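To start, the structure under review is shown below, and the notes come after it.
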Amino acid sequence: MKLSSLTLILTEQCNFNCSYCYQAKGEKNNDLSTIKKAIDFFSPYFSFPCYINFYGGEPTLEWDLITKVVEYIKSKDRAKEIKFSMTSNCSLLDQKRIEFLSNNHFTLLISFDGLAQEISREKGSLSKIEMTIMDILDYPDIHTAVNSIFIPETIHLLSASIKMMIEMNMKEINFGLSSISTWEEADMERFHMELEKLSIILADYYKENGFIPVVNFQQGHKKGTFVCHAGRNRLALSPDGQIWGCYLFWDYFKNRKNHPGYGNYCFGKLEEFMVSPEEPYPGILAHYSDLRMDYFCMQGKPCFSCNDIEHCMVCPIDAVFSGAQFGEVPPVICRINKTLMKYRKIFLGNLGIGNH
Ligand code: SF4
Ligand code: SF4
């Protein structure tokens with residue numbers, strides 16, 4: 001077992017109510033003594049640099065816990081090679097907290113939808129989050145990236161939202177479409193139009209700056225079969241003290257304890273895992289190892305026979321939240337991916353820069 005990240009799911013609670021969020025909210029929070037046990041146990045398995053990732057719900061609701069965990073890790077051997085990251089809506093970050101993130105060189109994945117924020121995330125939050133992000137961007141020791149999600153009701157705002165983020169000076173923007181929404185033909189047409197507009201915005205930006213700030217359109221997407229790394233080089237500790245291959249598995253299974261897949265993907269309680277990890281780990285890992293594009297199928301057709309397989313990435317948890325079985329890709333995700341791949345290829349081809 002070699003871990004490049006350990007995710008600590010701090011809480012089931014969130015102060016936002018995003019319309020596309022597939023997490024079931026709850027009251028459970030993680031606690032410092034369980035987290036310390038997890039860090040002590042797993043640190044010999046860290047492959048450095050290793051990331052401690054704070055996740056929720058909204059992790060900043062458990063701010064004291066974050067500061068205590070950071071202090072604890074700083075007291076450990078090879079602390080300098082342990083990095084911190086956090087996924088947050090940023091609504092609870094004030095100057096003091098931002099300074100803490102900066103002093104500890106956090107990577108911050110900001111959940112922010114630009115102009116769509118008011119519709120799909122939290123009404124009234126746009127200007128406050130925008131100001132907070134501008135403050136964060138003043139701290140070069142915080143590495144920032146943005147993740148935006150669009151739904152049929154906001155897809156017409158995609159290009160303008162990304163433009164707004166670029167103008168805010170964000171350098172690493174990733175967007176996705178909610179796969180749990182129902183996408184009608186008219187919505188998909190709008191998606192095409194938005195990708196055309198975005199291609200023009202990004203081409204202008206590239207000509208001026210020599211750089212593409214939107215990850216979905218960047219060159220250098222390596223050819224090769226996409227593999228879900230859950231359980232292989234990452235694990236997650238849930239607020240109920242269980243170990244999972246990736247935090248998203250807990251999101252999916254926490255209210256599906258009778259699901260036949262539960263026992264395939266849960267490594268069990270931390271305390272039991274610590275006694276004899278060699279018992280559950282290889283058997284459960286074998287199930288995770290099946291989660292790779294060349295083993296997936298879409299409407300009964302194997303993905304390995306698809307011309308796009310070397311550029312296609314499907315998160316298996318996104319797929320099952322959309323109603324598929326493990327190992328299946330629902331048509332909506334396939335269609336969204338194919339559309340994005342097509343536009344990226346045309347975009348990069350037009351700029352003469354690159355591999356698809
Ligand atoms: S593909 Fe999805 S489930 Fe697998 S590691 Fe990535 S985020 Fe987690
Ligand atoms: S584009 Fe569709 S069929 Fe092709 S690899 Fe991706 S999910 Fe499978």
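In the structure tokens, chains take the letters A, B, ... in the order shown, each chain's residues start at 1, and ligands count up from 1 in the order shown.
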All residues within 7 Å of ligand 2 are required, counting only C-alpha atoms and all ligand atoms; please report them as a compact mmCIF listing (two decimals) with all heavy atoms, in the first residue's frame.
# COMPACT_ATOMS: atom_id res chain seq x y z
N MET A 293 -11.45 2.34 -17.80
CA MET A 293 -12.25 2.56 -19.02
C MET A 293 -12.35 1.32 -19.90
O MET A 293 -13.38 1.06 -20.49
CB MET A 293 -11.65 3.70 -19.86
CG MET A 293 -11.86 5.11 -19.37
SD MET A 293 -13.53 5.60 -18.94
CE MET A 293 -14.46 5.26 -20.39
N PHE A 296 -15.14 -0.86 -18.95
CA PHE A 296 -16.49 -0.28 -18.90
C PHE A 296 -17.24 -0.60 -20.19
O PHE A 296 -16.65 -0.92 -21.22
CB PHE A 296 -16.41 1.25 -18.77
CG PHE A 296 -15.99 1.73 -17.40
CD1 PHE A 296 -15.84 3.09 -17.14
CD2 PHE A 296 -15.75 0.85 -16.36
CE1 PHE A 296 -15.45 3.55 -15.90
CE2 PHE A 296 -15.35 1.31 -15.10
CZ PHE A 296 -15.21 2.66 -14.88
N CYS A 297 -18.56 -0.46 -20.10
CA CYS A 297 -19.34 -0.55 -21.33
C CYS A 297 -20.42 0.54 -21.32
O CYS A 297 -20.77 1.06 -20.26
CB CYS A 297 -19.95 -1.93 -21.53
SG CYS A 297 -21.13 -2.36 -20.28
N MET A 298 -20.86 0.88 -22.52
CA MET A 298 -21.89 1.92 -22.66
C MET A 298 -23.01 1.33 -23.51
O MET A 298 -22.78 0.96 -24.66
CB MET A 298 -21.24 3.14 -23.34
CG MET A 298 -21.95 4.44 -23.13
SD MET A 298 -23.48 4.61 -24.05
CE MET A 298 -22.90 4.63 -25.72
N CYS A 303 -16.38 -0.25 -23.98
CA CYS A 303 -15.66 1.00 -24.26
C CYS A 303 -14.33 0.74 -24.96
O CYS A 303 -13.82 1.61 -25.65
CB CYS A 303 -15.46 1.79 -22.97
SG CYS A 303 -16.94 2.65 -22.43
N PHE A 304 -13.74 -0.46 -24.76
CA PHE A 304 -12.42 -0.68 -25.40
C PHE A 304 -12.51 -0.63 -26.92
O PHE A 304 -11.52 -0.44 -27.61
CB PHE A 304 -11.74 -1.97 -24.91
CG PHE A 304 -12.39 -3.27 -25.35
CD1 PHE A 304 -12.29 -3.71 -26.66
CD2 PHE A 304 -13.08 -4.04 -24.44
CE1 PHE A 304 -12.88 -4.91 -27.06
CE2 PHE A 304 -13.68 -5.24 -24.83
CZ PHE A 304 -13.59 -5.67 -26.13
N CYS A 306 -14.20 1.65 -28.53
CA CYS A 306 -14.54 3.03 -28.92
C CYS A 306 -13.28 3.77 -29.36
O CYS A 306 -12.23 3.67 -28.72
CB CYS A 306 -15.17 3.74 -27.72
SG CYS A 306 -15.37 5.49 -27.95
N ASN A 307 -13.39 4.53 -30.46
CA ASN A 307 -12.22 5.26 -30.97
C ASN A 307 -11.72 6.32 -30.00
O ASN A 307 -10.59 6.77 -30.09
CB ASN A 307 -12.58 5.98 -32.29
CG ASN A 307 -12.76 4.99 -33.41
OD1 ASN A 307 -12.22 3.89 -33.34
ND2 ASN A 307 -13.52 5.37 -34.43
N ASP A 308 -12.59 6.74 -29.09
CA ASP A 308 -12.22 7.84 -28.19
C ASP A 308 -11.67 7.36 -26.85
O ASP A 308 -11.42 8.18 -25.96
CB ASP A 308 -13.45 8.73 -27.92
CG ASP A 308 -13.81 9.54 -29.13
OD1 ASP A 308 -12.89 10.04 -29.80
OD2 ASP A 308 -15.02 9.67 -29.42
N ILE A 309 -11.53 6.06 -26.70
CA ILE A 309 -11.22 5.56 -25.34
C ILE A 309 -9.95 6.18 -24.75
O ILE A 309 -9.88 6.43 -23.54
CB ILE A 309 -11.15 4.01 -25.30
CG1 ILE A 309 -11.03 3.57 -23.83
CG2 ILE A 309 -10.04 3.46 -26.16
CD1 ILE A 309 -11.22 2.13 -23.57
N CYS A 312 -10.95 9.45 -23.07
CA CYS A 312 -12.20 9.53 -22.30
C CYS A 312 -11.96 9.18 -20.84
O CYS A 312 -11.26 8.21 -20.53
CB CYS A 312 -13.21 8.55 -22.91
SG CYS A 312 -14.84 8.74 -22.17
N MET A 313 -12.53 9.99 -19.97
CA MET A 313 -12.40 9.73 -18.53
C MET A 313 -13.79 9.74 -17.92
O MET A 313 -14.51 10.73 -18.05
CB MET A 313 -11.58 10.82 -17.87
CG MET A 313 -10.14 10.84 -18.31
SD MET A 313 -9.17 12.00 -17.34
CE MET A 313 -9.57 13.52 -18.11
N VAL A 314 -14.15 8.65 -17.28
CA VAL A 314 -15.45 8.60 -16.60
C VAL A 314 -15.21 8.18 -15.16
O VAL A 314 -14.64 7.11 -14.89
CB VAL A 314 -16.39 7.58 -17.29
CG1 VAL A 314 -17.71 7.47 -16.51
CG2 VAL A 314 -16.68 7.99 -18.73
N VAL A 329 -21.34 2.96 -18.30
CA VAL A 329 -21.35 4.41 -18.50
C VAL A 329 -22.73 4.78 -19.04
O VAL A 329 -23.15 4.25 -20.08
CB VAL A 329 -20.28 4.84 -19.52
CG1 VAL A 329 -20.30 6.35 -19.71
CG2 VAL A 329 -18.90 4.37 -19.10
N ILE A 333 -23.46 10.64 -19.99
CA ILE A 333 -22.04 10.95 -19.71
C ILE A 333 -21.20 10.72 -20.96
O ILE A 333 -20.32 11.51 -21.30
CB ILE A 333 -21.53 10.11 -18.51
CG1 ILE A 333 -22.23 10.57 -17.24
CG2 ILE A 333 -20.02 10.21 -18.38
CD1 ILE A 333 -21.74 9.91 -15.96
N CYS A 334 -21.49 9.63 -21.67
CA CYS A 334 -20.76 9.35 -22.91
C CYS A 334 -20.93 10.52 -23.89
O CYS A 334 -19.95 11.00 -24.47
CB CYS A 334 -21.29 8.05 -23.50
SG CYS A 334 -20.58 7.63 -25.09
N ARG A 335 -22.16 10.99 -24.03
CA ARG A 335 -22.42 12.06 -24.99
C ARG A 335 -21.73 13.36 -24.59
O ARG A 335 -21.15 14.06 -25.43
CB ARG A 335 -23.94 12.26 -25.08
CG ARG A 335 -24.32 13.18 -26.19
CD ARG A 335 -25.79 13.19 -26.41
NE ARG A 335 -26.12 14.11 -27.48
CZ ARG A 335 -27.33 14.56 -27.72
NH1 ARG A 335 -28.34 14.15 -26.98
NH2 ARG A 335 -27.54 15.41 -28.70
N ASN A 337 -19.03 13.65 -22.78
CA ASN A 337 -17.59 13.46 -22.98
C ASN A 337 -17.21 13.57 -24.45
O ASN A 337 -16.23 14.22 -24.81
CB ASN A 337 -17.16 12.09 -22.44
CG ASN A 337 -17.00 12.10 -20.93
OD1 ASN A 337 -17.35 13.08 -20.29
ND2 ASN A 337 -16.49 11.03 -20.36
N LYS A 338 -18.00 12.91 -25.30
CA LYS A 338 -17.69 12.96 -26.74
C LYS A 338 -17.74 14.40 -27.24
O LYS A 338 -16.90 14.82 -28.04
CB LYS A 338 -18.68 12.10 -27.52
CG LYS A 338 -18.28 10.62 -27.59
CD LYS A 338 -19.19 9.87 -28.53
CE LYS A 338 -18.86 8.38 -28.58
NZ LYS A 338 -17.61 8.06 -29.25
Can you pull out every residue within 6 Å of Leu126 of chain A, counting only C-alpha atoms, but drop anything in the same chain fewer than 3 positions away, and send it as a PyMOL selection string?
chain A and resi 117+129-130
What do you get as a list in words if you pick all residues at most 8 Å from ligand 1, counting only C-alpha atoms and all ligand atoms?
Val227, Cys228, His229, Ala230, Gly231, Arg234, Gly245, Cys246, Tyr247, Leu248, Phe249, Leu291, Met313, Val314, Cys315, Pro316, Ile317 and Asp318 of chain A
Dump all heavy atoms for the selected residues as a short mmCIF file (atom, residue, chain, number, x, y, z; two decimals), in the first residue's frame?
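Dumped everything to result_23.cif:
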data_model
loop_
_atom_site.label_atom_id
_atom_site.label_comp_id
_atom_site.auth_asym_id
_atom_site.auth_seq_id
_atom_site.Cartn_x
_atom_site.Cartn_y
_atom_site.Cartn_z
N VAL A 227 -7.86 5.16 -15.61
CA VAL A 227 -8.06 4.20 -14.52
C VAL A 227 -8.47 4.98 -13.28
O VAL A 227 -7.86 6.00 -12.95
CB VAL A 227 -6.72 3.46 -14.25
CG1 VAL A 227 -6.79 2.63 -12.99
CG2 VAL A 227 -6.33 2.60 -15.44
N CYS A 228 -9.51 4.55 -12.61
CA CYS A 228 -9.88 5.17 -11.32
C CYS A 228 -8.84 4.74 -10.29
O CYS A 228 -8.54 3.56 -10.15
CB CYS A 228 -11.27 4.68 -10.93
SG CYS A 228 -11.70 4.97 -9.19
N HIS A 229 -8.28 5.72 -9.59
CA HIS A 229 -7.20 5.39 -8.65
C HIS A 229 -7.69 5.14 -7.22
O HIS A 229 -6.87 4.98 -6.31
CB HIS A 229 -6.14 6.50 -8.66
CG HIS A 229 -5.21 6.35 -9.82
ND1 HIS A 229 -5.43 6.95 -11.03
CD2 HIS A 229 -4.09 5.60 -9.98
CE1 HIS A 229 -4.46 6.60 -11.87
NE2 HIS A 229 -3.65 5.79 -11.26
N ALA A 230 -8.99 5.10 -7.05
CA ALA A 230 -9.53 4.86 -5.70
C ALA A 230 -8.92 3.58 -5.13
O ALA A 230 -8.86 2.55 -5.80
CB ALA A 230 -11.04 4.73 -5.77
N GLY A 231 -8.45 3.66 -3.89
CA GLY A 231 -7.92 2.49 -3.21
C GLY A 231 -6.49 2.15 -3.60
O GLY A 231 -5.77 1.52 -2.83
N ARG A 234 -4.79 6.11 -2.95
CA ARG A 234 -5.52 7.06 -2.11
C ARG A 234 -6.57 6.32 -1.28
O ARG A 234 -7.10 5.29 -1.71
CB ARG A 234 -6.20 8.13 -2.97
CG ARG A 234 -7.28 7.59 -3.87
CD ARG A 234 -7.63 8.55 -4.98
NE ARG A 234 -6.50 8.72 -5.87
CZ ARG A 234 -6.44 9.63 -6.84
NH1 ARG A 234 -7.44 10.43 -7.06
NH2 ARG A 234 -5.37 9.73 -7.62
N GLY A 245 -11.95 3.75 -0.66
CA GLY A 245 -10.90 3.98 -1.66
C GLY A 245 -10.85 5.43 -2.11
O GLY A 245 -9.80 5.93 -2.53
N CYS A 246 -11.98 6.12 -2.07
CA CYS A 246 -12.05 7.54 -2.46
C CYS A 246 -13.26 8.11 -1.74
O CYS A 246 -14.25 7.39 -1.51
CB CYS A 246 -12.20 7.64 -3.98
SG CYS A 246 -12.74 9.26 -4.58
N TYR A 247 -13.20 9.40 -1.39
CA TYR A 247 -14.29 10.03 -0.65
C TYR A 247 -15.64 9.89 -1.36
O TYR A 247 -16.69 9.84 -0.75
CB TYR A 247 -13.99 11.50 -0.35
CG TYR A 247 -13.52 12.29 -1.56
CD1 TYR A 247 -14.43 12.97 -2.36
CD2 TYR A 247 -12.17 12.36 -1.90
CE1 TYR A 247 -14.00 13.68 -3.47
CE2 TYR A 247 -11.73 13.06 -3.00
CZ TYR A 247 -12.65 13.72 -3.79
OH TYR A 247 -12.24 14.41 -4.90
N LEU A 248 -15.61 9.81 -2.72
CA LEU A 248 -16.88 9.74 -3.45
C LEU A 248 -17.61 8.42 -3.19
O LEU A 248 -18.83 8.35 -3.31
CB LEU A 248 -16.65 9.92 -4.95
CG LEU A 248 -16.20 11.30 -5.40
CD1 LEU A 248 -16.16 11.38 -6.92
CD2 LEU A 248 -17.13 12.39 -4.89
N PHE A 249 -16.85 7.38 -2.87
CA PHE A 249 -17.49 6.11 -2.57
C PHE A 249 -18.32 6.20 -1.30
O PHE A 249 -19.40 5.61 -1.19
CB PHE A 249 -16.46 4.97 -2.48
CG PHE A 249 -16.10 4.45 -3.83
CD1 PHE A 249 -15.18 5.13 -4.62
CD2 PHE A 249 -16.70 3.32 -4.35
CE1 PHE A 249 -14.87 4.68 -5.90
CE2 PHE A 249 -16.40 2.87 -5.62
CZ PHE A 249 -15.48 3.56 -6.40
N LEU A 291 -12.22 -0.87 -12.02
CA LEU A 291 -12.84 0.39 -12.43
C LEU A 291 -11.90 1.14 -13.38
O LEU A 291 -11.14 2.03 -12.99
CB LEU A 291 -13.18 1.24 -11.19
CG LEU A 291 -14.12 0.52 -10.21
CD1 LEU A 291 -14.28 1.33 -8.93
CD2 LEU A 291 -15.48 0.28 -10.85
N MET A 313 -12.53 9.99 -19.97
CA MET A 313 -12.40 9.73 -18.53
C MET A 313 -13.79 9.74 -17.92
O MET A 313 -14.51 10.73 -18.05
CB MET A 313 -11.58 10.82 -17.87
CG MET A 313 -10.14 10.84 -18.31
SD MET A 313 -9.17 12.00 -17.34
CE MET A 313 -9.57 13.52 -18.11
N VAL A 314 -14.15 8.65 -17.28
CA VAL A 314 -15.45 8.60 -16.60
C VAL A 314 -15.21 8.18 -15.16
O VAL A 314 -14.64 7.11 -14.89
CB VAL A 314 -16.39 7.58 -17.29
CG1 VAL A 314 -17.71 7.47 -16.51
CG2 VAL A 314 -16.68 7.99 -18.73
N CYS A 315 -15.63 9.03 -14.25
CA CYS A 315 -15.55 8.67 -12.83
C CYS A 315 -16.67 7.65 -12.56
O CYS A 315 -17.84 7.93 -12.83
CB CYS A 315 -15.74 9.92 -11.98
SG CYS A 315 -16.06 9.55 -10.25
N PRO A 316 -16.33 6.49 -12.04
CA PRO A 316 -17.36 5.46 -11.85
C PRO A 316 -18.46 5.88 -10.89
O PRO A 316 -19.60 5.43 -11.02
CB PRO A 316 -16.58 4.25 -11.31
CG PRO A 316 -15.28 4.80 -10.81
CD PRO A 316 -15.00 6.01 -11.63
N ILE A 317 -18.13 6.79 -9.98
CA ILE A 317 -19.17 7.23 -9.04
C ILE A 317 -20.13 8.21 -9.71
O ILE A 317 -21.34 8.18 -9.47
CB ILE A 317 -18.53 7.82 -7.76
CG1 ILE A 317 -17.84 6.70 -6.98
CG2 ILE A 317 -19.55 8.53 -6.90
CD1 ILE A 317 -18.76 5.65 -6.38
N ASP A 318 -19.61 9.06 -10.60
CA ASP A 318 -20.51 9.90 -11.41
C ASP A 318 -21.48 9.02 -12.17
O ASP A 318 -22.67 9.32 -12.28
CB ASP A 318 -19.70 10.69 -12.45
CG ASP A 318 -19.32 12.05 -11.95
OD1 ASP A 318 -19.76 12.42 -10.86
OD2 ASP A 318 -18.56 12.74 -12.66
#
Excluding Asp113 of chain A and residues on its chain fewer than 3 positions from it, collect all residues at most 10 Å away from it, counting only C-alpha atoms, and give them as JSON, numbers by chain.
{"A": [89, 110, 116, 117, 118, 119, 120, 121, 126, 146, 147, 148, 149, 150, 154, 157, 158, 161, 162, 165, 175]}
Near-Asn15 of chain A list (9 Å; only C-alpha atoms; drop same-chain fewer than 5 positions) as a PDB file with all heavy atoms, in the first residue's frame:
ATOM      1  N   GLY A  57     -19.342  17.266   2.817  1.00  0.00           N
ATOM      2  CA  GLY A  57     -19.879  18.528   3.274  1.00  0.00           C
ATOM      3  C   GLY A  57     -18.974  19.732   2.990  1.00  0.00           C
ATOM      4  O   GLY A  57     -18.181  19.720   2.068  1.00  0.00           O
ATOM      5  N   GLU A  58     -19.150  20.728   3.828  1.00  0.00           N
ATOM      6  CA  GLU A  58     -18.270  21.896   3.730  1.00  0.00           C
ATOM      7  C   GLU A  58     -17.250  21.796   4.864  1.00  0.00           C
ATOM      8  O   GLU A  58     -17.603  21.969   6.033  1.00  0.00           O
ATOM      9  CB  GLU A  58     -19.116  23.181   3.819  1.00  0.00           C
ATOM     10  CG  GLU A  58     -18.312  24.464   3.930  1.00  0.00           C
ATOM     11  CD  GLU A  58     -17.201  24.582   2.877  1.00  0.00           C
ATOM     12  OE1 GLU A  58     -17.432  24.296   1.692  1.00  0.00           O
ATOM     13  OE2 GLU A  58     -16.065  24.947   3.273  1.00  0.00           O
ATOM     14  N   LEU A  61     -16.705  24.221   7.969  1.00  0.00           N
ATOM     15  CA  LEU A  61     -17.602  24.213   9.135  1.00  0.00           C
ATOM     16  C   LEU A  61     -16.888  23.603  10.341  1.00  0.00           C
ATOM     17  O   LEU A  61     -17.285  23.803  11.480  1.00  0.00           O
ATOM     18  CB  LEU A  61     -18.875  23.410   8.835  1.00  0.00           C
ATOM     19  CG  LEU A  61     -19.900  24.095   7.926  1.00  0.00           C
ATOM     20  CD1 LEU A  61     -20.927  23.095   7.421  1.00  0.00           C
ATOM     21  CD2 LEU A  61     -20.598  25.237   8.668  1.00  0.00           C
ATOM     22  N   SER A  91     -17.245  30.093   1.370  1.00  0.00           N
ATOM     23  CA  SER A  91     -18.155  31.077   1.963  1.00  0.00           C
ATOM     24  C   SER A  91     -17.776  31.419   3.403  1.00  0.00           C
ATOM     25  O   SER A  91     -18.189  32.452   3.918  1.00  0.00           O
ATOM     26  CB  SER A  91     -19.592  30.549   1.931  1.00  0.00           C
ATOM     27  OG  SER A  91     -19.666  29.358   2.683  1.00  0.00           O
TER      28      SER A  91
END
Write out as a list in words each polymer residue whose atoms come within 6 Å of segment 51-54 of chain A, counting only C-alpha atoms; drop sequence neighbours fewer than 6 positions from it.
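In the requested form, the answer reads Ser5, Leu6, Thr7, Leu8, Ile82, Lys83, Phe84, Ser85 and Met86 of chain A.
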Identify, on the basis of only C-alpha atoms, every residue whose closest approach to Thr132 of chain A does not exceed 10 Å; exclude the query and any residue fewer than 6 positions from it along the same chain; express the result as a PyMOL selection string.
chain A and resi 90-95+98+126
I want to know what sits within 7 Å of segment 198-205 of chain A, based on only C-alpha atoms, with residues of the same chain fewer than 4 positions away left out; could you give that as JSON, numbers by chain?
{"A": [159, 194, 209, 212, 347]}
Kindly give the distance, in Å, that separates atom CA of Ser43 of chain A and atom CA of Lys96 of chain A, rounded to a single decimal.
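Atom-to-atom, atom CA of Ser43 of chain A to atom CA of Lys96 of chain A, that is 29.1 Å.
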Pick from A:Lys269, A:Lys123, A:Arg256, A:Lys2: nearest to Phe16 of chain A, with only C-alpha atoms counted?
A:Lys123
Report the residues of segment 68-205 of chain A whose backbone DSSP state falls under strand (DSSP E or B), written as an MDAnalysis selection string.
chainID A and resid 82:88 107:111 143:150 173:177
Go ahead and save the picked residues with C-alpha atoms, as a PDB file, in the first residue's frame.
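Listing of selection.pdb after writing:
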ATOM      1  CA  ILE A  82       3.118  16.344   3.627  1.00  0.00           C
ATOM      2  CA  LYS A  83       0.956  18.821   1.725  1.00  0.00           C
ATOM      3  CA  PHE A  84      -2.529  20.076   2.532  1.00  0.00           C
ATOM      4  CA  SER A  85      -5.471  20.455   0.213  1.00  0.00           C
ATOM      5  CA  MET A  86      -9.128  21.309   0.688  1.00  0.00           C
ATOM      6  CA  THR A  87     -12.303  21.428  -1.373  1.00  0.00           C
ATOM      7  CA  SER A  88     -14.482  24.338  -0.261  1.00  0.00           C
ATOM      8  CA  THR A 107      -3.988  23.718  -2.415  1.00  0.00           C
ATOM      9  CA  LEU A 108      -7.552  25.010  -2.487  1.00  0.00           C
ATOM     10  CA  LEU A 109     -10.105  23.528  -4.847  1.00  0.00           C
ATOM     11  CA  ILE A 110     -12.815  26.186  -5.028  1.00  0.00           C
ATOM     12  CA  SER A 111     -16.341  25.086  -5.825  1.00  0.00           C
ATOM     13  CA  HIS A 143      -2.438  27.120  -4.961  1.00  0.00           C
ATOM     14  CA  THR A 144      -5.969  27.558  -6.309  1.00  0.00           C
ATOM     15  CA  ALA A 145      -8.091  25.661  -8.782  1.00  0.00           C
ATOM     16  CA  VAL A 146     -11.773  26.091  -9.555  1.00  0.00           C
ATOM     17  CA  ASN A 147     -14.405  23.478 -10.209  1.00  0.00           C
ATOM     18  CA  SER A 148     -17.688  24.609 -11.801  1.00  0.00           C
ATOM     19  CA  ILE A 149     -20.777  22.575 -12.528  1.00  0.00           C
ATOM     20  CA  PHE A 150     -23.509  23.495 -14.988  1.00  0.00           C
ATOM     21  CA  ILE A 173     -10.519  26.223 -14.196  1.00  0.00           C
ATOM     22  CA  ASN A 174     -12.301  22.944 -14.653  1.00  0.00           C
ATOM     23  CA  PHE A 175     -15.945  22.655 -15.576  1.00  0.00           C
ATOM     24  CA  GLY A 176     -18.387  19.779 -15.781  1.00  0.00           C
ATOM     25  CA  LEU A 177     -22.010  19.120 -16.492  1.00  0.00           C
TER      26      LEU A 177
END
So, counting only C-alpha atoms, which residue among A:Trp244, A:Tyr20, A:Tyr343, A:Phe42 is closest to Leu285 of chain A?
A:Trp244
With distances taken over only C-alpha atoms, which of A:Phe48, A:Phe211, A:Tyr252, A:Phe100 is nearest to Ser4 of chain A?
A:Phe48
